[in-house]
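start06.pdb, holding PDB, C-alpha atoms (C1' of nucleotides):
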ATOM      1  CA  MET Q1496      66.055  89.722 -70.585
ATOM      2  CA  ASN Q1497      63.714  87.193 -68.988
ATOM      3  CA  GLN Q1498      65.285  84.830 -66.487
ATOM      4  CA  THR Q1499      63.616  81.448 -66.804
ATOM      5  CA  THR Q1500      65.995  79.521 -64.559
ATOM      6  CA  LYS Q1501      68.238  80.188 -61.593
ATOM      7  CA  ASN Q1502      71.251  82.428 -61.411
ATOM      8  CA  TYR Q1503      74.556  80.660 -61.165
ATOM      9  CA  SER Q1504      78.040  81.771 -60.269
ATOM     10  CA  ILE Q1505      81.439  80.183 -60.034
ATOM     11  CA  GLY Q1506      83.182  79.682 -56.738
ATOM     12  CA  PHE Q1507      86.883  78.946 -56.583
ATOM     13  CA  ARG Q1508      89.978  78.478 -54.501
ATOM     14  CA  ILE Q1509      93.518  78.883 -55.687
ATOM     15  CA  TRP Q1510      96.873  78.194 -54.173
ATOM     16  CA  ILE Q1511     100.494  78.329 -55.259
ATOM     17  CA  ASN Q1512     102.456  75.106 -55.634
ATOM     18  CA  GLU Q1513     106.189  74.824 -55.756
ATOM     19  CA  GLU Q1514     107.994  71.797 -57.130
ATOM     20  CA  HIS Q1515     107.340  69.587 -54.130
ATOM     21  CA  GLY Q1516     103.734  70.482 -53.434
ATOM     22  CA  HIS Q1517     101.594  73.059 -51.718
ATOM     23  CA  PHE Q1518     103.268  76.349 -51.018
ATOM     24  CA  LEU Q1519     100.805  79.118 -50.270
ATOM     25  CA  GLY Q1520      97.026  79.350 -49.953
ATOM     26  CA  ILE Q1521      94.631  81.775 -48.341
ATOM     27  CA  GLY Q1522      95.067  80.211 -44.893
ATOM     28  CA  ARG Q1523      98.807  80.770 -44.833
ATOM     29  CA  VAL Q1524      98.427  84.249 -46.264
ATOM     30  CA  LYS Q1525      96.000  85.201 -43.513
ATOM     31  CA  LEU Q1526      98.439  83.866 -40.954
ATOM     32  CA  LEU Q1527     101.254  85.919 -42.450
ATOM     33  CA  GLU Q1528      99.121  89.035 -42.214
ATOM     34  CA  ASN Q1529      98.320  88.336 -38.590
ATOM     35  CA  ILE Q1530     101.968  87.808 -37.774
ATOM     36  CA  ARG Q1531     102.765  91.118 -39.407
ATOM     37  CA  GLU Q1532     100.058  92.807 -37.345
ATOM     38  CA  THR Q1533     100.880  91.245 -33.996
ATOM     39  CA  GLY Q1534     104.616  90.612 -34.123
ATOM     40  CA  SER Q1535     104.467  87.011 -32.938
ATOM     41  CA  ILE Q1536     103.095  83.603 -33.804
ATOM     42  CA  THR Q1537     101.499  83.375 -30.384
ATOM     43  CA  ASN Q1538      99.494  86.550 -30.792
ATOM     44  CA  ALA Q1539      98.693  85.845 -34.411
ATOM     45  CA  SER Q1540      97.280  82.460 -33.493
ATOM     46  CA  LYS Q1541      95.176  84.029 -30.760
ATOM     47  CA  ALA Q1542      93.837  86.622 -33.171
ATOM     48  CA  MET Q1543      92.622  83.861 -35.443
ATOM     49  CA  LYS Q1544      90.808  80.771 -34.161
ATOM     50  CA  MET Q1545      93.918  78.672 -34.238
ATOM     51  CA  SER Q1546      96.164  76.906 -31.789
ATOM     52  CA  TYR Q1547      99.734  78.088 -31.430
ATOM     53  CA  ARG Q1548     100.903  74.629 -32.362
ATOM     54  CA  GLN Q1549      99.069  74.671 -35.661
ATOM     55  CA  ALA Q1550     100.186  78.191 -36.524
ATOM     56  CA  TRP Q1551     103.767  77.352 -35.692
ATOM     57  CA  GLN Q1552     103.615  74.272 -37.920
ATOM     58  CA  MET Q1553     102.206  76.324 -40.792
ATOM     59  CA  VAL Q1554     105.067  78.783 -40.522
ATOM     60  CA  GLU Q1555     107.504  75.905 -40.444
ATOM     61  CA  ASP Q1556     105.943  74.349 -43.538
ATOM     62  CA  MET Q1557     105.796  77.465 -45.639
ATOM     63  CA  ASN Q1558     109.283  78.506 -44.690
ATOM     64  CA  SER Q1559     110.747  75.202 -45.732
ATOM     65  CA  ALA Q1560     108.731  75.151 -48.947
ATOM     66  CA  SER Q1561     110.021  78.578 -49.878
ATOM     67  CA  ALA Q1562     113.339  79.476 -51.469
ATOM     68  CA  LYS Q1563     113.664  82.220 -48.882
ATOM     69  CA  PRO Q1564     111.838  82.120 -45.522
ATOM     70  CA  LEU Q1565     108.613  84.120 -45.352
ATOM     71  CA  VAL Q1566     108.776  84.500 -41.585
ATOM     72  CA  GLU Q1567     111.753  85.264 -39.417
ATOM     73  CA  LYS Q1568     111.564  84.053 -35.847
ATOM     74  CA  MET Q1569     113.308  85.553 -32.839
ATOM     75  CA  LEU Q1570     114.067  83.421 -29.800
ATOM     76  CA  GLY Q1571     114.314  84.766 -26.271
ATOM     77  CA  GLY Q1572     115.496  88.244 -25.467
ATOM     78  CA  LYS Q1573     113.363  91.315 -24.955
ATOM     79  CA  GLY Q1574     109.740  90.305 -24.723
ATOM     80  CA  GLY Q1575     110.638  86.669 -25.043
ATOM     81  CA  GLY Q1576     111.058  86.820 -28.785
ATOM     82  CA  GLY Q1577     108.633  87.082 -31.659
ATOM     83  CA  ALA Q1578     108.251  86.728 -35.362
ATOM     84  CA  ARG Q1579     108.184  89.043 -38.358
ATOM     85  CA  VAL Q1580     107.234  88.731 -41.988
ATOM     86  CA  THR Q1581     110.247  89.019 -44.270
ATOM     87  CA  GLU Q1582     110.459  90.934 -47.527
ATOM     88  CA  ALA Q1583     109.940  87.639 -49.348
ATOM     89  CA  GLY Q1584     106.848  87.091 -47.235
ATOM     90  CA  GLU Q1585     105.410  90.456 -48.156
ATOM     91  CA  LYS Q1586     105.988  89.771 -51.820
ATOM     92  CA  ALA Q1587     104.291  86.401 -51.531
ATOM     93  CA  ILE Q1588     101.230  87.953 -49.914
ATOM     94  CA  LYS Q1589     100.928  90.556 -52.646
ATOM     95  CA  LEU Q1590     101.394  87.984 -55.374
ATOM     96  CA  PHE Q1591      98.771  85.684 -53.953
ATOM     97  CA  TYR Q1592      96.135  88.401 -53.807
ATOM     98  CA  LYS Q1593      96.973  89.571 -57.299
ATOM     99  CA  LEU Q1594      96.547  86.091 -58.692
ATOM    100  CA  GLU Q1595      93.352  85.548 -56.770
ATOM    101  CA  GLU Q1596      91.933  88.782 -58.086
ATOM    102  CA  LYS Q1597      92.677  87.843 -61.661
ATOM    103  CA  VAL Q1598      91.119  84.424 -61.354
ATOM    104  CA  LYS Q1599      88.109  85.987 -59.682
ATOM    105  CA  LYS Q1600      87.527  88.354 -62.562
ATOM    106  CA  PHE Q1601      87.933  85.586 -65.075
ATOM    107  CA  SER Q1602      85.596  83.167 -63.346
ATOM    108  CA  ASN Q1603      83.002  85.852 -62.760
ATOM    109  CA  GLU Q1604      82.903  86.464 -66.478
ATOM    110  CA  LEU Q1605      82.436  82.775 -67.069
ATOM    111  CA  GLY Q1606      79.795  82.562 -64.390
ATOM    112  CA  ASN Q1607      77.719  85.269 -65.945
ATOM    113  CA  LYS Q1608      77.294  83.225 -69.074
ATOM    114  CA  ILE Q1609      75.985  80.118 -67.372
ATOM    115  CA  ARG Q1610      72.539  79.042 -68.493
ATOM    116  CA  LEU Q1611      71.152  75.771 -67.215
TER     117      LEU Q1611
ATOM    118  CA  MET E1346     116.650  81.931 -69.571
ATOM    119  CA  ASN E1347     118.399  81.137 -66.306
ATOM    120  CA  GLN E1348     116.189  79.921 -63.479
ATOM    121  CA  THR E1349     117.503  81.346 -60.232
ATOM    122  CA  THR E1350     114.583  80.274 -58.018
ATOM    123  CA  LYS E1351     111.982  77.540 -57.887
ATOM    124  CA  ASN E1352     109.264  76.797 -60.375
ATOM    125  CA  TYR E1353     105.792  77.631 -59.230
ATOM    126  CA  SER E1354     102.345  76.739 -60.513
ATOM    127  CA  ILE E1355      98.800  77.551 -59.578
ATOM    128  CA  GLY E1356      96.478  74.937 -58.192
ATOM    129  CA  PHE E1357      92.732  75.518 -58.128
ATOM    130  CA  ARG E1358      89.293  74.153 -57.459
ATOM    131  CA  ILE E1359      86.087  75.486 -58.888
ATOM    132  CA  TRP E1360      82.447  74.779 -58.267
ATOM    133  CA  ILE E1361      79.125  76.151 -59.405
ATOM    134  CA  ASN E1362      76.920  78.015 -56.957
ATOM    135  CA  GLU E1363      73.248  78.662 -57.354
ATOM    136  CA  GLU E1364      71.397  81.337 -55.416
ATOM    137  CA  HIS E1365      71.288  79.423 -52.157
ATOM    138  CA  GLY E1366      74.787  78.011 -52.149
ATOM    139  CA  HIS E1367      76.870  75.178 -53.473
ATOM    140  CA  PHE E1368      75.460  73.436 -56.482
ATOM    141  CA  LEU E1369      78.050  71.350 -58.309
ATOM    142  CA  GLY E1370      81.706  70.504 -57.787
ATOM    143  CA  ILE E1371      84.043  67.801 -58.972
ATOM    144  CA  GLY E1372      82.848  65.324 -56.327
ATOM    145  CA  ARG E1373      79.237  65.501 -57.413
ATOM    146  CA  VAL E1374      80.214  65.367 -61.065
ATOM    147  CA  LYS E1375      82.219  62.197 -60.490
ATOM    148  CA  LEU E1376      79.250  60.699 -58.695
ATOM    149  CA  LEU E1377      76.964  61.570 -61.594
ATOM    150  CA  GLU E1378      79.319  59.845 -63.980
ATOM    151  CA  ASN E1379      79.425  56.742 -61.834
ATOM    152  CA  ILE E1380      75.668  56.643 -61.628
ATOM    153  CA  ARG E1381      75.498  56.903 -65.389
ATOM    154  CA  GLU E1382      77.968  54.012 -65.706
ATOM    155  CA  THR E1383      76.407  51.716 -63.124
ATOM    156  CA  GLY E1384      72.710  52.534 -63.203
ATOM    157  CA  SER E1385      72.291  52.896 -59.464
ATOM    158  CA  ILE E1386      73.440  54.888 -56.459
ATOM    159  CA  THR E1387      74.380  51.690 -54.691
ATOM    160  CA  ASN E1388      76.738  50.528 -57.403
ATOM    161  CA  ALA E1389      78.084  53.998 -58.035
ATOM    162  CA  SER E1390      78.967  54.370 -54.375
ATOM    163  CA  LYS E1391      80.717  51.016 -54.401
ATOM    164  CA  ALA E1392      82.708  51.981 -57.482
ATOM    165  CA  MET E1393      83.994  55.042 -55.648
ATOM    166  CA  LYS E1394      85.266  54.886 -52.085
ATOM    167  CA  MET E1395      82.029  56.191 -50.685
ATOM    168  CA  SER E1396      79.236  54.937 -48.470
ATOM    169  CA  TYR E1397      75.781  54.565 -49.979
ATOM    170  CA  ARG E1398      74.465  56.927 -47.393
ATOM    171  CA  GLN E1399      76.807  59.687 -48.420
ATOM    172  CA  ALA E1400      76.206  59.180 -52.112
ATOM    173  CA  TRP E1401      72.453  59.171 -51.603
ATOM    174  CA  GLN E1402      72.699  62.404 -49.646
ATOM    175  CA  MET E1403      74.775  64.031 -52.373
ATOM    176  CA  VAL E1404      72.166  63.130 -54.974
ATOM    177  CA  GLU E1405      69.454  64.495 -52.726
ATOM    178  CA  ASP E1406      71.354  67.754 -52.240
ATOM    179  CA  MET E1407      72.191  68.386 -55.845
ATOM    180  CA  ASN E1408      68.712  67.506 -57.010
ATOM    181  CA  SER E1409      67.117  69.948 -54.641
ATOM    182  CA  ALA E1410      69.638  72.664 -55.471
ATOM    183  CA  SER E1411      68.897  72.290 -59.162
ATOM    184  CA  ALA E1412      66.001  73.764 -61.120
ATOM    185  CA  LYS E1413      65.522  70.336 -62.696
ATOM    186  CA  PRO E1414      66.742  67.121 -61.037
ATOM    187  CA  LEU E1415      70.062  65.805 -62.263
ATOM    188  CA  VAL E1416      69.312  62.245 -61.196
ATOM    189  CA  GLU E1417      66.088  60.322 -61.545
ATOM    190  CA  LYS E1418      65.553  57.573 -59.011
ATOM    191  CA  MET E1419      63.447  54.435 -59.492
ATOM    192  CA  LEU E1420      61.975  52.645 -56.488
ATOM    193  CA  GLY E1421      61.259  48.897 -56.437
ATOM    194  CA  GLY E1422      60.384  46.949 -59.554
ATOM    195  CA  LYS E1423      62.692  44.981 -61.803
ATOM    196  CA  GLY E1424      66.079  44.729 -60.139
ATOM    197  CA  GLY E1425      64.818  46.606 -57.104
ATOM    198  CA  GLY E1426      65.086  49.991 -58.731
ATOM    199  CA  GLY E1427      67.997  52.182 -59.708
ATOM    200  CA  ALA E1428      68.967  55.655 -60.742
ATOM    201  CA  ARG E1429      69.785  57.410 -63.990
ATOM    202  CA  VAL E1430      71.319  60.725 -64.944
ATOM    203  CA  THR E1431      68.798  63.046 -66.575
ATOM    204  CA  GLU E1432      69.332  65.246 -69.596
ATOM    205  CA  ALA E1433      69.821  68.159 -67.207
ATOM    206  CA  GLY E1434      72.424  66.098 -65.398
ATOM    207  CA  GLU E1435      74.360  65.419 -68.575
ATOM    208  CA  LYS E1436      74.346  69.089 -69.438
ATOM    209  CA  ALA E1437      75.614  69.981 -65.989
ATOM    210  CA  ILE E1438      78.500  67.521 -66.287
ATOM    211  CA  LYS E1439      79.549  68.935 -69.646
ATOM    212  CA  LEU E1440      79.296  72.489 -68.401
ATOM    213  CA  PHE E1441      81.368  71.818 -65.336
ATOM    214  CA  TYR E1442      84.210  70.286 -67.302
ATOM    215  CA  LYS E1443      84.146  73.086 -69.825
ATOM    216  CA  LEU E1444      84.416  75.699 -67.104
ATOM    217  CA  GLU E1445      87.138  73.786 -65.337
ATOM    218  CA  GLU E1446      89.141  73.528 -68.530
ATOM    219  CA  LYS E1447      88.931  77.249 -69.151
ATOM    220  CA  VAL E1448      90.005  78.151 -65.650
ATOM    221  CA  LYS E1449      92.825  75.649 -65.911
ATOM    222  CA  LYS E1450      94.183  77.273 -69.053
ATOM    223  CA  PHE E1451      93.897  80.692 -67.537
ATOM    224  CA  SER E1452      95.601  79.823 -64.275
ATOM    225  CA  ASN E1453      98.343  77.913 -66.028
ATOM    226  CA  GLU E1454      99.155  81.046 -67.987
ATOM    227  CA  LEU E1455      99.286  83.007 -64.755
ATOM    228  CA  GLY E1456     101.393  80.342 -63.094
ATOM    229  CA  ASN E1457     104.021  80.459 -65.807
ATOM    230  CA  LYS E1458     104.703  84.078 -65.058
ATOM    231  CA  ILE E1459     105.331  83.633 -61.361
ATOM    232  CA  ARG E1460     108.784  84.727 -60.213
ATOM    233  CA  LEU E1461     109.528  84.712 -56.532
TER     234      LEU E1461
ATOM    235  C1'  DA M1160     120.792  85.042 -11.378
ATOM    236  C1'  DA M1161     115.919  85.671 -11.666
ATOM    237  C1'  DC M1162     112.105  87.151 -14.638
ATOM    238  C1'  DC M1163     109.352  87.467 -18.750
ATOM    239  C1'  DG M1164     107.080  86.164 -22.673
ATOM    240  C1'  DG M1165     107.660  83.898 -26.945
ATOM    241  C1'  DT M1166     109.421  79.694 -29.352
ATOM    242  C1'  DA M1167     109.650  74.602 -29.590
ATOM    243  C1'  DT M1168     107.820  70.106 -28.890
ATOM    244  C1'  DG M1169     105.807  65.915 -26.653
ATOM    245  C1'  DT M1170     101.435  63.924 -24.713
ATOM    246  C1'  DT M1171      96.593  63.574 -23.784
ATOM    247  C1'  DT M1172      91.808  64.703 -24.579
ATOM    248  C1'  DT M1173      87.988  66.188 -27.308
ATOM    249  C1'  DT M1174      85.529  66.854 -31.302
ATOM    250  C1'  DT M1175      83.416  65.638 -35.300
ATOM    251  C1'  DG M1176      82.911  63.801 -39.689
ATOM    252  C1'  DA M1177      82.915  59.371 -41.825
ATOM    253  C1'  DA M1178      82.053  54.730 -41.979
ATOM    254  C1'  DA M1179      79.628  50.711 -40.548
ATOM    255  C1'  DC M1180      75.617  48.468 -39.176
ATOM    256  C1'  DA M1181      70.742  47.669 -39.116
ATOM    257  C1'  DT M1182      66.224  47.683 -40.971
ATOM    258  C1'  DA M1183      62.027  49.170 -43.299
ATOM    259  C1'  DC M1184      59.994  50.182 -47.720
ATOM    260  C1'  DC M1185      59.002  49.771 -52.659
ATOM    261  C1'  DT M1186      57.384  47.286 -56.957
ATOM    262  C1'  DG M1187      57.968  44.449 -61.358
ATOM    263  C1'  DA M1188      58.547  39.704 -62.318
ATOM    264  C1'  DA M1189      58.155  34.772 -61.686
TER     265       DA M1189
ATOM    266  C1'  DT S 595      52.591  36.149 -52.749
ATOM    267  C1'  DT S 596      57.178  35.698 -52.444
ATOM    268  C1'  DC S 597      61.664  37.188 -54.155
ATOM    269  C1'  DA S 598      65.235  40.361 -55.450
ATOM    270  C1'  DG S 599      67.795  44.254 -55.147
ATOM    271  C1'  DG S 600      67.777  49.148 -54.857
ATOM    272  C1'  DT S 601      66.043  53.190 -52.256
ATOM    273  C1'  DA S 602      65.404  55.485 -47.752
ATOM    274  C1'  DT S 603      66.652  56.467 -43.064
ATOM    275  C1'  DG S 604      67.850  55.855 -38.086
ATOM    276  C1'  DT S 605      71.616  54.378 -34.864
ATOM    277  C1'  DT S 606      76.144  53.146 -33.444
ATOM    278  C1'  DT S 607      81.220  52.774 -33.928
ATOM    279  C1'  DC S 608      85.475  54.334 -35.280
ATOM    280  C1'  DA S 609      89.292  57.039 -36.746
ATOM    281  C1'  DA S 610      91.468  61.187 -37.945
ATOM    282  C1'  DA S 611      92.018  65.919 -37.013
ATOM    283  C1'  DA S 612      91.967  69.475 -33.874
ATOM    284  C1'  DA S 613      92.320  71.303 -29.484
ATOM    285  C1'  DA S 614      94.007  71.368 -24.927
ATOM    286  C1'  DC S 615      97.481  70.617 -21.681
ATOM    287  C1'  DA S 616     102.117  70.394 -20.115
ATOM    288  C1'  DT S 617     106.978  71.622 -20.095
ATOM    289  C1'  DA S 618     111.529  72.734 -21.603
ATOM    290  C1'  DC S 619     114.303  76.160 -23.815
ATOM    291  C1'  DC S 620     115.989  80.768 -25.103
ATOM    292  C1'  DG S 621     118.206  85.281 -24.181
ATOM    293  C1'  DG S 622     117.734  90.421 -23.377
ATOM    294  C1'  DT S 623     116.549  93.185 -19.200
ATOM    295  C1'  DT S 624     116.760  94.436 -14.567
TER     296       DT S 624
END
Please express what this file holds, its structure, as structure tokens.
Amino acid sequence: MNQTTKNYSIGFRIWINEEHGHFLGIGRVKLLENIRETGSITNASKAMKMSYRQAWQMVEDMNSASAKPLVEKMLGGKGGGGARVTEAGEKAIKLFYKLEEKVKKFSNELGNKIRL
Amino acid sequence: MNQTTKNYSIGFRIWINEEHGHFLGIGRVKLLENIRETGSITNASKAMKMSYRQAWQMVEDMNSASAKPLVEKMLGGKGGGGARVTEAGEKAIKLFYKLEEKVKKFSNELGNKIRL
DNA sequence: AACCGGTATGTTTTTTGAAACATACCTGAA
DNA sequence: TTCAGGTATGTTTCAAAAAACATACCGGTT
């Protein structure tokens, strides 16, 4: 099997759309995971390189794009409040990774056949 | 078949990587096509909403990432010069679209099964 | 009722990528 | 040998996105 040219592979990005546009991509999924880990948007945003404002807006956007909210926010009270990932959120995370994995496998197979 | 939630679909982007990184995505492919149509980088860049500088740089990048150049440039002479898509370039365009089509089919199938 | 720490939101500043501008070079044809 | 029109490349301007800053609100706890 002599390789006369370069090796190529396929790169990709996927995201989930709902009827009115973008719903969930890797950025939002990562944010969800960080919220789950840290218990608040503030701490999640610190854990990533992201401003609170931006993280908060992302949560807002994905919640309103979703049939059921992916993040539940708590205002005031003990510790000032916080945020948690809902059951719907957990399902969305799992689904996204499952889809990504499948597309990865598929595109890897395609990539292996590339000859240029 | 009663639909209790929203309809979802999968969006995606693919590109071809060679050993040292990005090689060809939809932006470069569109540029190639415009160069083929217009015969020069200048006119291709005008046809798209793109500065000559950027288009020229894209050609430079993809040519140097490729085993064989995808665009052949002519300096001076009749009409001041120009650019044409090589045989290798045409092959790359075709390949990209073929791959994209396959991934599209695949992800559409996945998308149809989404229930959230 | 004062405190704490997170949410919510408006305003200003900074960054940075893109576009615009400018100019030199190249070469066949007239 | 000048002209035309595209390539090649440096410099400056501009605009959009991101970050930074500032401040009000919220509600258990003490």
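Within 7 Å of chain E, and counting all atoms listed in the file, chain Q contributes Thr1500, Lys1501, Asn1502, Tyr1503, Ser1504, Ile1505, Gly1506, Phe1507, Arg1508, Ile1509, Trp1510, Ile1511, Asn1512, Glu1513, Glu1514 and Ala1562 of chain Q.
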Would you save the residues from that selection as a JSON list (two decimals), in the frame of the given file, using C-alpha atoms?
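Output file part08.json is given in full below:
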[["chain", "number", "residue", "atom", "x", "y", "z"],
["Q", 1500, "THR", "CA", 66.00, 79.52, -64.56],
["Q", 1501, "LYS", "CA", 68.24, 80.19, -61.59],
["Q", 1502, "ASN", "CA", 71.25, 82.43, -61.41],
["Q", 1503, "TYR", "CA", 74.56, 80.66, -61.16],
["Q", 1504, "SER", "CA", 78.04, 81.77, -60.27],
["Q", 1505, "ILE", "CA", 81.44, 80.18, -60.03],
["Q", 1506, "GLY", "CA", 83.18, 79.68, -56.74],
["Q", 1507, "PHE", "CA", 86.88, 78.95, -56.58],
["Q", 1508, "ARG", "CA", 89.98, 78.48, -54.50],
["Q", 1509, "ILE", "CA", 93.52, 78.88, -55.69],
["Q", 1510, "TRP", "CA", 96.87, 78.19, -54.17],
["Q", 1511, "ILE", "CA", 100.49, 78.33, -55.26],
["Q", 1512, "ASN", "CA", 102.46, 75.11, -55.63],
["Q", 1513, "GLU", "CA", 106.19, 74.82, -55.76],
["Q", 1514, "GLU", "CA", 107.99, 71.80, -57.13],
["Q", 1562, "ALA", "CA", 113.34, 79.48, -51.47]]
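Listed by chain and then by number, the residues chosen by the PyMOL selection byres ((chain M) within 6 of (chain Q)) in this file are M:DG1164, M:DG1165, M:DT1166.
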Transformed chain E, reference chain Q, full Cα set in order, as a CSV table (one decimal) with C-alpha atoms, in the coordinates of the input:
chain,number,residue,atom,x,y,z
E,1346,MET,CA,66.1,89.5,-70.8
E,1347,ASN,CA,63.8,87.0,-69.2
E,1348,GLN,CA,65.3,84.7,-66.6
E,1349,THR,CA,63.6,81.3,-66.9
E,1350,THR,CA,66.0,79.4,-64.6
E,1351,LYS,CA,68.2,80.1,-61.6
E,1352,ASN,CA,71.2,82.3,-61.4
E,1353,TYR,CA,74.5,80.6,-61.1
E,1354,SER,CA,78.0,81.7,-60.2
E,1355,ILE,CA,81.4,80.2,-60.0
E,1356,GLY,CA,83.1,79.7,-56.7
E,1357,PHE,CA,86.9,79.0,-56.5
E,1358,ARG,CA,90.0,78.5,-54.5
E,1359,ILE,CA,93.5,78.9,-55.7
E,1360,TRP,CA,96.9,78.3,-54.1
E,1361,ILE,CA,100.5,78.4,-55.3
E,1362,ASN,CA,102.4,75.2,-55.6
E,1363,GLU,CA,106.2,74.9,-55.7
E,1364,GLU,CA,108.0,71.8,-57.1
E,1365,HIS,CA,107.3,69.6,-54.1
E,1366,GLY,CA,103.7,70.6,-53.4
E,1367,HIS,CA,101.6,73.1,-51.7
E,1368,PHE,CA,103.2,76.4,-51.0
E,1369,LEU,CA,100.8,79.2,-50.3
E,1370,GLY,CA,97.0,79.5,-49.9
E,1371,ILE,CA,94.6,81.9,-48.3
E,1372,GLY,CA,95.1,80.3,-44.9
E,1373,ARG,CA,98.8,80.8,-44.8
E,1374,VAL,CA,98.4,84.3,-46.3
E,1375,LYS,CA,96.0,85.3,-43.5
E,1376,LEU,CA,98.5,83.9,-41.0
E,1377,LEU,CA,101.3,86.0,-42.5
E,1378,GLU,CA,99.2,89.1,-42.2
E,1379,ASN,CA,98.4,88.4,-38.6
E,1380,ILE,CA,102.0,87.8,-37.8
E,1381,ARG,CA,102.8,91.1,-39.4
E,1382,GLU,CA,100.1,92.8,-37.3
E,1383,THR,CA,101.0,91.2,-34.0
E,1384,GLY,CA,104.7,90.6,-34.1
E,1385,SER,CA,104.5,87.0,-33.0
E,1386,ILE,CA,103.1,83.6,-33.8
E,1387,THR,CA,101.5,83.4,-30.4
E,1388,ASN,CA,99.5,86.6,-30.8
E,1389,ALA,CA,98.7,85.9,-34.4
E,1390,SER,CA,97.3,82.5,-33.5
E,1391,LYS,CA,95.2,84.1,-30.8
E,1392,ALA,CA,93.9,86.7,-33.2
E,1393,MET,CA,92.6,84.0,-35.5
E,1394,LYS,CA,90.8,80.9,-34.2
E,1395,MET,CA,93.9,78.8,-34.3
E,1396,SER,CA,96.1,76.9,-31.8
E,1397,TYR,CA,99.7,78.1,-31.5
E,1398,ARG,CA,100.8,74.6,-32.4
E,1399,GLN,CA,99.0,74.7,-35.7
E,1400,ALA,CA,100.1,78.2,-36.6
E,1401,TRP,CA,103.7,77.3,-35.7
E,1402,GLN,CA,103.5,74.3,-37.9
E,1403,MET,CA,102.1,76.4,-40.8
E,1404,VAL,CA,105.0,78.8,-40.5
E,1405,GLU,CA,107.5,75.9,-40.5
E,1406,ASP,CA,105.9,74.4,-43.6
E,1407,MET,CA,105.8,77.5,-45.6
E,1408,ASN,CA,109.3,78.5,-44.7
E,1409,SER,CA,110.7,75.2,-45.7
E,1410,ALA,CA,108.7,75.1,-49.0
E,1411,SER,CA,110.0,78.6,-49.9
E,1412,ALA,CA,113.3,79.4,-51.5
E,1413,LYS,CA,113.7,82.2,-48.9
E,1414,PRO,CA,111.8,82.1,-45.5
E,1415,LEU,CA,108.6,84.1,-45.4
E,1416,VAL,CA,108.8,84.5,-41.6
E,1417,GLU,CA,111.8,85.2,-39.4
E,1418,LYS,CA,111.6,84.0,-35.9
E,1419,MET,CA,113.3,85.4,-32.8
E,1420,LEU,CA,114.1,83.2,-29.8
E,1421,GLY,CA,114.3,84.6,-26.3
E,1422,GLY,CA,115.5,88.1,-25.5
E,1423,LYS,CA,113.4,91.2,-25.0
E,1424,GLY,CA,109.8,90.2,-24.7
E,1425,GLY,CA,110.7,86.5,-25.1
E,1426,GLY,CA,111.1,86.7,-28.8
E,1427,GLY,CA,108.7,87.0,-31.7
E,1428,ALA,CA,108.3,86.7,-35.4
E,1429,ARG,CA,108.2,89.0,-38.3
E,1430,VAL,CA,107.3,88.7,-42.0
E,1431,THR,CA,110.3,89.0,-44.3
E,1432,GLU,CA,110.5,90.9,-47.5
E,1433,ALA,CA,110.0,87.6,-49.3
E,1434,GLY,CA,106.9,87.1,-47.2
E,1435,GLU,CA,105.5,90.5,-48.2
E,1436,LYS,CA,106.0,89.8,-51.8
E,1437,ALA,CA,104.3,86.4,-51.5
E,1438,ILE,CA,101.3,88.0,-49.9
E,1439,LYS,CA,101.0,90.6,-52.6
E,1440,LEU,CA,101.4,88.0,-55.4
E,1441,PHE,CA,98.8,85.8,-53.9
E,1442,TYR,CA,96.2,88.5,-53.8
E,1443,LYS,CA,97.0,89.6,-57.3
E,1444,LEU,CA,96.5,86.2,-58.7
E,1445,GLU,CA,93.4,85.6,-56.7
E,1446,GLU,CA,91.9,88.8,-58.1
E,1447,LYS,CA,92.7,87.9,-61.6
E,1448,VAL,CA,91.1,84.5,-61.3
E,1449,LYS,CA,88.1,86.0,-59.6
E,1450,LYS,CA,87.5,88.4,-62.5
E,1451,PHE,CA,87.9,85.6,-65.0
E,1452,SER,CA,85.6,83.2,-63.3
E,1453,ASN,CA,83.0,85.8,-62.7
E,1454,GLU,CA,82.9,86.4,-66.4
E,1455,LEU,CA,82.4,82.7,-67.0
E,1456,GLY,CA,79.8,82.5,-64.3
E,1457,ASN,CA,77.7,85.2,-65.9
E,1458,LYS,CA,77.3,83.2,-69.0
E,1459,ILE,CA,76.0,80.1,-67.3
E,1460,ARG,CA,72.6,79.0,-68.5
E,1461,LEU,CA,71.2,75.7,-67.2
Quick one: which chain S residues come within 8 Å of chain Q, and what is the nearest atom pair for each with the distance in Å to one decimal, counting all atoms listed in the file, rows ordered by chain and ascending number, as a tab-separated table?
residue	atom	partner	partner_atom	distance
S:DA613	C1'	Q:Ser1546	CA	7.2
S:DC620	C1'	Q:Gly1571	CA	4.5
S:DG621	C1'	Q:Gly1572	CA	4.2
S:DG622	C1'	Q:Gly1572	CA	3.8
S:DT623	C1'	Q:Lys1573	CA	6.8
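Our summary of the geometry notes that atom CA of E:Thr1431 is positioned 12.9 Å from atom CA of E:Val1374.
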How would you write, as a PyMOL selection string, the residues chosen by the PyMOL selection byres ((chain E and resi 1416) around 9) on this structure? chain E and resi 1377+1380+1404-1405+1407-1408+1414-1415+1417-1418+1428-1434
Suppose we keep C-alpha atoms; can you now write the selection as a short mmCIF file (atom, residue, chain, number, x, y, z; two decimals), keeping the file's coordinate frame?
data_model
loop_
_atom_site.label_atom_id
_atom_site.label_comp_id
_atom_site.auth_asym_id
_atom_site.auth_seq_id
_atom_site.Cartn_x
_atom_site.Cartn_y
_atom_site.Cartn_z
CA LEU E 1377 76.96 61.57 -61.59
CA ILE E 1380 75.67 56.64 -61.63
CA VAL E 1404 72.17 63.13 -54.97
CA GLU E 1405 69.45 64.50 -52.73
CA MET E 1407 72.19 68.39 -55.84
CA ASN E 1408 68.71 67.51 -57.01
CA PRO E 1414 66.74 67.12 -61.04
CA LEU E 1415 70.06 65.81 -62.26
CA GLU E 1417 66.09 60.32 -61.54
CA LYS E 1418 65.55 57.57 -59.01
CA ALA E 1428 68.97 55.66 -60.74
CA ARG E 1429 69.78 57.41 -63.99
CA VAL E 1430 71.32 60.72 -64.94
CA THR E 1431 68.80 63.05 -66.58
CA GLU E 1432 69.33 65.25 -69.60
CA ALA E 1433 69.82 68.16 -67.21
CA GLY E 1434 72.42 66.10 -65.40
#
